[in-house]
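Colleague: Pasting start-v8.txt below, which is compact mmCIF, C-alpha atoms and all ligand atoms.
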# COMPACT_ATOMS: atom_id res chain seq x y z
CA MET C 1 101.36 125.96 97.05
CA ASN C 2 101.49 124.26 93.64
CA ASP C 3 99.80 120.88 93.37
CA THR C 4 102.67 118.55 94.13
CA THR C 5 100.62 115.43 94.88
CA ALA C 6 101.46 113.73 91.57
CA ASP C 7 105.18 114.53 91.74
CA PRO C 8 107.29 111.36 92.01
CA ARG C 9 109.31 112.98 94.80
CA ILE C 10 106.24 112.81 97.03
CA ILE C 11 106.24 109.70 99.21
CA ASP C 12 102.55 108.95 99.31
CA GLY C 13 101.97 107.33 102.69
CA LYS C 14 98.22 107.48 102.24
CA ALA C 15 98.33 105.30 99.12
CA PHE C 16 100.96 102.95 100.59
CA ALA C 17 98.89 102.54 103.77
CA ALA C 18 95.75 101.75 101.74
CA GLY C 19 97.68 98.99 99.93
CA LEU C 20 99.03 97.64 103.21
CA ARG C 21 95.55 97.59 104.78
CA ALA C 22 94.22 95.68 101.76
CA GLU C 23 97.05 93.13 102.11
CA ILE C 24 96.33 92.75 105.81
CA ALA C 25 92.59 92.28 105.14
CA ALA C 26 93.42 89.49 102.65
CA ARG C 27 95.72 87.82 105.22
CA VAL C 28 93.09 88.09 107.94
CA GLU C 29 90.60 86.46 105.57
CA ALA C 30 93.08 83.62 105.00
CA LEU C 31 93.64 83.24 108.75
CA LYS C 32 89.89 82.90 109.26
CA SER C 33 89.26 80.47 106.43
CA ARG C 34 92.37 78.30 106.92
CA HIS C 35 92.72 78.33 110.70
CA GLY C 36 89.49 79.77 112.13
CA ILE C 37 91.51 82.63 113.66
CA GLU C 38 89.88 86.06 113.91
CA PRO C 39 92.41 88.60 115.23
CA GLY C 40 91.06 91.11 117.77
CA LEU C 41 92.25 94.54 118.88
CA ALA C 42 91.14 96.22 122.12
CA VAL C 43 91.47 99.99 122.28
CA VAL C 44 91.13 101.74 125.63
CA LEU C 45 90.33 105.44 125.89
CA ALA C 46 90.27 107.18 129.27
CA GLY C 47 88.78 110.66 129.28
CA GLU C 48 87.59 112.89 126.48
CA HIS C 49 90.73 114.26 124.85
CA PRO C 50 89.34 115.46 121.47
CA ALA C 51 92.21 114.25 119.24
CA SER C 52 92.28 110.89 121.07
CA GLN C 53 88.57 110.40 120.42
CA VAL C 54 89.19 110.81 116.68
CA TYR C 55 92.22 108.46 116.78
CA VAL C 56 90.29 105.79 118.66
CA ARG C 57 87.31 106.02 116.32
CA ASN C 58 89.58 105.70 113.27
CA LYS C 59 91.51 102.78 114.75
CA ALA C 60 88.29 100.90 115.53
CA ARG C 61 86.89 101.56 112.04
CA ARG C 62 90.07 100.43 110.29
CA THR C 63 90.23 97.32 112.50
CA ARG C 64 86.71 96.30 111.47
CA GLU C 65 87.44 97.10 107.80
CA ALA C 66 90.41 94.71 107.95
CA GLY C 67 88.04 91.95 109.10
CA MET C 68 89.30 91.90 112.69
CA GLN C 69 87.30 92.17 115.89
CA SER C 70 87.38 95.58 117.54
CA PHE C 71 86.78 95.99 121.26
CA GLU C 72 86.41 99.58 122.44
CA HIS C 73 86.62 100.49 126.11
CA ARG C 74 85.75 104.08 127.00
CA LEU C 75 86.44 105.05 130.59
CA PRO C 76 85.56 108.31 132.37
CA ALA C 77 88.32 110.94 132.83
CA ALA C 78 88.16 110.31 136.59
CA VAL C 79 88.91 106.58 136.29
CA THR C 80 91.43 105.40 138.87
CA GLN C 81 94.73 103.79 137.92
CA ASP C 82 93.67 100.61 139.73
CA ASP C 83 90.51 100.35 137.65
CA LEU C 84 92.41 100.94 134.42
CA LEU C 85 95.03 98.34 135.37
CA ALA C 86 92.24 95.89 136.23
CA LEU C 87 90.83 96.34 132.72
CA VAL C 88 94.29 95.75 131.19
CA HIS C 89 94.65 92.52 133.25
CA GLN C 90 91.24 91.42 132.00
CA LEU C 91 92.24 92.12 128.37
CA ASN C 92 95.54 90.26 128.91
CA ARG C 93 93.50 87.18 129.86
CA ASP C 94 90.88 87.51 127.10
CA PRO C 95 91.71 85.01 124.31
CA ARG C 96 89.71 87.04 121.75
CA VAL C 97 92.08 89.98 122.24
CA ASN C 98 95.42 89.74 120.41
CA GLY C 99 96.35 93.41 120.67
CA ILE C 100 95.84 95.99 123.42
CA LEU C 101 96.28 99.68 122.80
CA VAL C 102 95.80 102.21 125.59
CA GLN C 103 95.45 105.59 123.94
CA LEU C 104 97.87 108.23 125.23
CA PRO C 105 97.84 110.81 126.78
CA LEU C 106 96.17 109.48 129.92
CA PRO C 107 94.45 111.56 132.61
CA GLU C 108 96.97 112.98 135.09
CA GLN C 109 96.12 110.59 137.95
CA ILE C 110 97.27 107.64 135.83
CA GLY C 111 100.89 106.76 135.20
CA ALA C 112 101.42 105.79 131.57
CA ASP C 113 104.52 103.76 132.52
CA ALA C 114 102.52 101.61 134.96
CA VAL C 115 99.85 100.97 132.33
CA ILE C 116 102.35 100.08 129.61
CA ALA C 117 104.23 97.78 132.01
CA THR C 118 100.98 95.91 132.75
CA ILE C 119 100.18 95.07 129.12
CA ASP C 120 101.21 91.54 128.14
CA PRO C 121 104.25 92.17 125.86
CA ALA C 122 102.82 89.66 123.35
CA LYS C 123 99.70 91.87 123.07
CA ASP C 124 101.60 95.18 123.19
CA VAL C 125 100.83 96.19 119.58
CA ASP C 126 102.15 99.70 120.25
CA GLY C 127 105.54 98.18 121.04
CA PHE C 128 106.06 100.45 124.07
CA HIS C 129 106.65 97.76 126.74
CA THR C 130 110.26 97.62 127.90
CA THR C 131 110.39 93.95 126.84
CA ASN C 132 109.61 94.97 123.27
CA ALA C 133 111.95 97.98 123.40
CA GLY C 134 114.68 95.61 124.62
CA LEU C 135 113.96 93.03 121.94
CA LEU C 136 114.22 95.73 119.29
CA ALA C 137 117.54 96.89 120.73
CA VAL C 138 119.06 93.38 120.69
CA GLY C 139 117.59 92.42 117.32
CA GLY C 140 114.99 90.01 118.73
CA GLU C 141 111.44 89.30 117.59
CA GLY C 142 109.12 91.60 119.51
CA MET C 143 106.52 94.19 118.62
CA VAL C 144 107.90 97.22 116.79
CA PRO C 145 106.27 100.62 117.52
CA CYS C 146 103.85 101.48 114.73
CA THR C 147 105.04 104.94 113.66
CA PRO C 148 108.74 104.07 113.18
CA LEU C 149 107.74 100.78 111.55
CA GLY C 150 105.61 102.75 109.08
CA CYS C 151 108.50 105.14 108.40
CA LEU C 152 110.82 102.21 107.73
CA MET C 153 108.36 100.62 105.31
CA LEU C 154 108.15 103.89 103.35
CA LEU C 155 111.94 104.21 103.28
CA LYS C 156 112.48 100.65 102.07
CA ASP C 157 109.77 101.01 99.46
CA ARG C 158 111.46 104.15 98.16
CA LEU C 159 115.12 103.28 98.51
CA GLY C 160 115.31 99.48 98.63
CA ASP C 161 118.42 98.43 100.54
CA LEU C 162 119.30 101.07 103.15
CA ALA C 163 122.70 99.61 104.09
CA GLY C 164 125.43 102.19 104.40
CA ALA C 165 123.13 105.21 104.16
CA ARG C 166 123.75 108.07 106.58
CA ALA C 167 120.57 108.55 108.60
CA LEU C 168 119.72 111.38 110.94
CA VAL C 169 116.86 110.86 113.37
CA LEU C 170 115.72 114.17 114.80
CA GLY C 171 114.08 113.41 118.17
CA ARG C 172 114.82 110.77 120.81
CA SER C 173 111.41 109.92 122.26
CA ASN C 174 110.68 106.35 123.31
CA ILE C 175 107.77 106.12 120.88
CA VAL C 176 109.37 107.52 117.71
CA GLY C 177 113.02 108.66 117.78
CA LYS C 178 114.69 105.83 119.70
CA PRO C 179 112.90 102.90 118.00
CA MET C 180 113.40 104.61 114.61
CA ALA C 181 117.14 104.76 115.28
CA GLN C 182 117.16 101.08 116.31
CA LEU C 183 115.34 100.06 113.13
CA LEU C 184 117.77 102.01 110.96
CA ILE C 185 120.75 100.45 112.75
CA ARG C 186 119.16 97.07 112.03
CA GLU C 187 119.09 98.07 108.35
CA SER C 188 122.84 98.82 108.53
CA CYS C 189 122.49 102.58 108.22
CA THR C 190 125.00 104.84 109.92
CA VAL C 191 122.71 106.52 112.40
CA THR C 192 122.92 109.83 114.24
CA VAL C 193 120.26 110.78 116.78
CA ALA C 194 119.79 114.53 117.28
CA HIS C 195 117.78 116.29 120.00
CA SER C 196 117.39 119.59 121.79
CA ARG C 197 120.99 119.51 123.08
CA THR C 198 122.56 118.78 119.68
CA ARG C 199 125.16 121.44 118.92
CA ASP C 200 124.99 122.15 115.19
CA LEU C 201 121.70 120.67 114.11
CA ALA C 202 121.82 122.18 110.61
CA ALA C 203 125.22 120.59 109.92
CA GLU C 204 124.07 117.21 111.27
CA CYS C 205 120.99 117.33 109.03
CA ARG C 206 122.99 118.34 105.95
CA ARG C 207 125.11 115.17 106.20
CA ALA C 208 122.09 112.86 106.07
CA ASP C 209 120.97 110.75 103.11
CA ILE C 210 117.89 109.91 105.18
CA LEU C 211 116.33 112.45 107.52
CA VAL C 212 113.53 111.44 109.88
CA ALA C 213 112.06 114.43 111.72
CA ALA C 214 110.10 113.73 114.93
CA VAL C 215 110.35 116.86 117.04
CA GLY C 216 106.83 118.25 117.36
CA ARG C 217 107.84 121.75 116.21
CA PRO C 218 106.04 123.03 113.12
CA ARG C 219 108.25 123.53 110.05
CA MET C 220 111.41 123.54 112.14
CA VAL C 221 113.59 121.94 109.44
CA PRO C 222 114.12 124.33 106.52
CA GLY C 223 115.10 123.29 103.00
CA ASP C 224 118.67 124.50 103.40
CA TRP C 225 119.26 121.92 106.17
CA ILE C 226 118.54 119.15 103.68
CA ARG C 227 121.22 117.48 101.62
CA PRO C 228 120.20 117.65 97.93
CA GLY C 229 118.52 114.38 96.95
CA ALA C 230 118.01 113.20 100.54
CA THR C 231 114.93 111.22 101.54
CA VAL C 232 112.90 113.08 104.15
CA ILE C 233 110.36 111.42 106.42
CA ASP C 234 108.32 113.97 108.34
CA VAL C 235 106.68 112.43 111.40
CA GLY C 236 105.50 115.71 112.90
CA ILE C 237 101.81 116.42 113.29
CA ASN C 238 101.37 120.00 114.42
CA ARG C 239 98.23 122.11 114.34
CA VAL C 240 99.00 125.59 112.99
CA ASP C 241 97.03 128.72 112.16
CA ALA C 242 95.70 128.50 108.58
CA GLY C 243 95.26 132.29 108.46
CA ASN C 244 91.48 132.22 107.90
CA GLY C 245 90.45 131.73 111.51
CA LYS C 246 90.90 127.98 111.05
CA THR C 247 93.78 125.62 111.73
CA LYS C 248 95.57 123.08 109.57
CA LEU C 249 98.22 120.39 110.01
CA ALA C 250 101.91 121.03 109.42
CA GLY C 251 104.90 118.74 109.76
CA ASP C 252 108.24 119.31 111.48
CA VAL C 253 109.79 120.01 108.07
CA ASP C 254 109.12 123.18 106.10
CA PHE C 255 107.63 121.42 103.08
CA GLU C 256 107.71 124.48 100.78
CA SER C 257 111.48 124.92 101.02
CA ALA C 258 112.34 121.23 101.50
CA PHE C 259 110.41 119.85 98.54
CA PRO C 260 112.64 121.34 95.80
CA VAL C 261 115.79 119.99 97.51
CA ALA C 262 114.74 116.52 98.68
CA GLY C 263 114.90 113.40 96.52
CA GLY C 264 111.76 112.15 98.26
CA ILE C 265 109.57 113.60 100.99
CA THR C 266 106.45 112.65 102.92
CA PRO C 267 103.70 115.28 103.03
CA VAL C 268 101.74 116.20 106.16
CA PRO C 269 98.99 115.14 106.16
CA GLY C 270 99.07 112.03 103.95
CA GLY C 271 102.56 110.77 104.77
CA VAL C 272 103.46 108.97 107.97
CA GLY C 273 100.08 109.43 109.74
CA PRO C 274 98.11 106.81 107.74
CA MET C 275 101.02 104.35 108.08
CA THR C 276 100.71 104.36 111.87
CA ILE C 277 97.21 102.84 111.87
CA ALA C 278 98.09 100.40 109.06
CA CYS C 279 101.08 99.19 111.12
CA LEU C 280 98.83 98.81 114.17
CA LEU C 281 96.68 96.41 112.13
CA HIS C 282 99.84 94.65 110.93
CA ASN C 283 101.05 94.19 114.52
CA THR C 284 97.64 92.88 115.62
CA MET C 285 97.62 90.32 112.82
CA LEU C 286 101.20 89.33 113.68
CA ALA C 287 100.30 88.97 117.38
CA ALA C 288 97.38 86.69 116.44
CA CYS C 289 99.64 84.51 114.26
CA ARG C 290 102.27 84.22 117.00
CA ARG C 291 99.63 83.45 119.65
CA HIS C 292 98.32 80.55 117.56
CA GLY C 293 101.73 79.45 116.28
CA VAL C 294 100.87 79.88 112.60
CA GLU C 295 102.84 81.56 109.80
CA VAL C 296 101.61 84.93 108.54
CA PRO C 297 99.65 83.96 105.38
CA GLU C 298 101.34 84.93 102.09
P1 LIG C 301 108.42 114.19 122.01
O1 LIG C 301 107.99 115.54 122.45
O2 LIG C 301 108.28 113.04 122.94
O3 LIG C 301 109.94 114.24 121.53
C1 LIG C 301 110.42 115.31 120.79
C2 LIG C 301 111.89 115.17 120.55
O4 LIG C 301 112.33 116.28 119.80
C3 LIG C 301 112.73 115.15 121.83
O5 LIG C 301 113.71 114.17 121.74
C4 LIG C 301 113.34 116.54 121.88
O6 LIG C 301 114.64 116.59 122.42
C5 LIG C 301 113.44 116.90 120.42
N1 LIG C 301 113.38 118.35 120.26
C6 LIG C 301 112.45 119.19 120.72
N2 LIG C 301 112.76 120.46 120.37
C7 LIG C 301 113.93 120.40 119.70
C8 LIG C 301 114.76 121.36 119.09
N3 LIG C 301 114.46 122.66 119.12
N4 LIG C 301 115.88 120.95 118.47
C9 LIG C 301 116.19 119.63 118.44
N5 LIG C 301 115.44 118.67 118.99
C10 LIG C 301 114.32 119.06 119.62
O7 LIG C 301 107.63 113.93 120.65
P2 LIG C 301 107.24 112.57 119.91
O8 LIG C 301 108.43 111.81 119.53
O9 LIG C 301 106.16 111.89 120.66
O10 LIG C 301 106.55 113.17 118.60
C11 LIG C 301 107.27 113.96 117.67
C12 LIG C 301 106.31 114.48 116.62
O11 LIG C 301 105.77 113.37 115.92
C13 LIG C 301 105.09 115.24 117.14
O12 LIG C 301 104.76 116.24 116.20
C14 LIG C 301 104.00 114.21 117.17
O13 LIG C 301 102.71 114.79 117.03
C15 LIG C 301 104.34 113.41 115.96
N6 LIG C 301 103.86 112.04 116.01
C16 LIG C 301 103.24 111.58 114.87
C17 LIG C 301 102.76 110.31 114.80
C18 LIG C 301 102.15 109.85 113.53
O14 LIG C 301 101.37 108.91 113.54
N7 LIG C 301 102.49 110.46 112.40
C19 LIG C 301 102.86 109.39 115.96
C20 LIG C 301 103.62 109.92 117.06
C21 LIG C 301 104.08 111.21 117.08
P3 LIG C 301 114.97 116.31 123.99
O15 LIG C 301 114.85 114.82 124.12
O16 LIG C 301 116.34 116.82 124.14
O17 LIG C 301 113.93 117.05 124.77
Will you turn the file into structure tokens for me?
Modeller:
Amino acid sequence: MNDTTADPRIIDGKAFAAGLRAEIAARVEALKSRHGIEPGLAVVLAGEHPASQVYVRNKARRTREAGMQSFEHRLPAAVTQDDLLALVHQLNRDPRVNGILVQLPLPEQIGADAVIATIDPAKDVDGFHTTNAGLLAVGGEGMVPCTPLGCLMLLKDRLGDLAGARALVLGRSNIVGKPMAQLLIRESCTVTVAHSRTRDLAAECRRADILVAAVGRPRMVPGDWIRPGATVIDVGINRVDAGNGKTKLAGDVDFESAFPVAGGITPVPGGVGPMTIACLLHNTMLAACRRHGVEVPE
């Protein structure tokens, strides 16, 4: 592949996320000096899922770098649901903790829905609690899931006002597709949500000015499904064979064929991924401000 990193069509999520983290760190500093508030994020990991270990380590490191308190709770894979729920209750009560994130997937004896339902919605920085999903749907002030929030920030940074744009969200999961669609509706886009039962996916994609792909299938969206000049946000993180006995990451969009057609496109890695953690920090800071009844510092 040619070096495309400097091409203006590339939507550089890595750089945008670095800027956002720096802004958050400055705001956290202001919260501390003006109000004595030090936001805190608790991350809970049950079991030894290798990717989850990396995610949790990165989240904790970024939290500390932003000047916030990081509380890590590592539980054995055999932890019972009752014990995990007891920890969540304890974190709900802990005034030092503004955000609680329970890393998914959980061991099979634990129901993710029960865990999510137990998190105090005001501390639900992942935005997965039904209270927050409901608030997003009715246009209220809740916690917005980090990955779609990061996608929206990249889209607004690139396109400005999104009103009237035709958006296609590929995927309808509770953590990406559905909240992404809600956010785009809120921005006055005309939104279509496609999924595995969609009839003519290629035709649906070709109509879109904005295409957000969150399917979990490597390189599923080829360049000829993309409307020329469209803005493409690739949420997919798929591990594929790199051909040399190693693996590498690939998105849900076939970057090679999509890049020449798209007006703007996020690479994988370096697109949406870094935005997810930055938005987690954003949500934690927001939760701390709301808890203490103070404005987010400018
Ligand atoms: P899910 O598996 O929960 O959802 C996938 C969605 O894609 C479903 O709605 C499914 O449809 C749809 N789908 C699957 N196959 C097809 C197909 N052949 N044609 C059309 N639609 C299809 O995945 P997630 O939403 O959790 O994640 C999606 C991707 O985003 C993954 O690669 C994941 O790793 C990545 N991800 C990245 C994050 C980041 O930080 N960048 C964060 C979260 C996820 P149906 O509902 O009909 O089954």
Colleague: Which one of C:Gln81, C:Asn92, C:Ser257, C:Thr192 sits closest to Gln109 in chain C if you count only C-alpha atoms?
Modeller: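 Checking each of C:Gln81, C:Asn92, C:Ser257, C:Thr192 against Gln109 in chain C, counting only C-alpha atoms, the winner is C:Gln81.
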Colleague: Using all atoms listed in the file, which protein or nucleic acid residues are at most 8 Å from ligand LIG 301 (chain C), as a count of residues only?
Modeller: 37
Colleague: One decimal, Å: what's the distance from CA of Ala117 in chain C over to CA of Val88 in chain C, could you say?
Modeller: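 Here the two named atoms are 10.2 Å from each other.
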Colleague: Return the single residue from C:Leu168, C:Leu75, C:Ala22, C:Ile37 that is closest to Gln53 in chain C, with distances computed using only C-alpha atoms.
Modeller: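 So, comparing all the options, the nearest one is C:Leu75.
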Colleague: Just the number, please: distance in Å from CA of Leu45 in chain C to CA of Leu85 in chain C, one decimal.
Modeller: 12.7 Å
Colleague: Show me the residues close to (92.1, 106.0, 118.8) - anything with an atom within 10 Å, counting only C-alpha atoms - and format the list as a list in words.
Modeller: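 Neighbouring residues, ordered by chain and number, come to Val43, Val44, Leu45, Ala51, Ser52, Gln53, Val54, Tyr55, Val56, Arg57, Asn58, Lys59, Ala60, Arg61, Glu72, Leu101, Val102, Gln103, Leu104 and Ile277 of chain C.
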Colleague: Find the residues near Leu84 in chain C: any atom within 12 Å, counting only C-alpha atoms, skip ones fewer than 4 places away on the same chain, and give them as number ranges by chain.
Modeller: C: 44-47, 73-80, 88-91, 102-103, 106-107, 109-112, 114-116, 118-119
Colleague: Can I get the selection written as a PDB file, in the frame of the given file, with C-alpha atoms?
Modeller:
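Wrote it out as result20.pdb, contents follow:
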ATOM      1  CA  VAL C  44      91.130 101.740 125.630  1.00  0.00           C
ATOM      2  CA  LEU C  45      90.330 105.440 125.890  1.00  0.00           C
ATOM      3  CA  ALA C  46      90.270 107.180 129.270  1.00  0.00           C
ATOM      4  CA  GLY C  47      88.780 110.660 129.280  1.00  0.00           C
ATOM      5  CA  HIS C  73      86.620 100.490 126.110  1.00  0.00           C
ATOM      6  CA  ARG C  74      85.750 104.080 127.000  1.00  0.00           C
ATOM      7  CA  LEU C  75      86.440 105.050 130.590  1.00  0.00           C
ATOM      8  CA  PRO C  76      85.560 108.310 132.370  1.00  0.00           C
ATOM      9  CA  ALA C  77      88.320 110.940 132.830  1.00  0.00           C
ATOM     10  CA  ALA C  78      88.160 110.310 136.590  1.00  0.00           C
ATOM     11  CA  VAL C  79      88.910 106.580 136.290  1.00  0.00           C
ATOM     12  CA  THR C  80      91.430 105.400 138.870  1.00  0.00           C
ATOM     13  CA  VAL C  88      94.290  95.750 131.190  1.00  0.00           C
ATOM     14  CA  HIS C  89      94.650  92.520 133.250  1.00  0.00           C
ATOM     15  CA  GLN C  90      91.240  91.420 132.000  1.00  0.00           C
ATOM     16  CA  LEU C  91      92.240  92.120 128.370  1.00  0.00           C
ATOM     17  CA  VAL C 102      95.800 102.210 125.590  1.00  0.00           C
ATOM     18  CA  GLN C 103      95.450 105.590 123.940  1.00  0.00           C
ATOM     19  CA  LEU C 106      96.170 109.480 129.920  1.00  0.00           C
ATOM     20  CA  PRO C 107      94.450 111.560 132.610  1.00  0.00           C
ATOM     21  CA  GLN C 109      96.120 110.590 137.950  1.00  0.00           C
ATOM     22  CA  ILE C 110      97.270 107.640 135.830  1.00  0.00           C
ATOM     23  CA  GLY C 111     100.890 106.760 135.200  1.00  0.00           C
ATOM     24  CA  ALA C 112     101.420 105.790 131.570  1.00  0.00           C
ATOM     25  CA  ALA C 114     102.520 101.610 134.960  1.00  0.00           C
ATOM     26  CA  VAL C 115      99.850 100.970 132.330  1.00  0.00           C
ATOM     27  CA  ILE C 116     102.350 100.080 129.610  1.00  0.00           C
ATOM     28  CA  THR C 118     100.980  95.910 132.750  1.00  0.00           C
ATOM     29  CA  ILE C 119     100.180  95.070 129.120  1.00  0.00           C
TER      30      ILE C 119
END
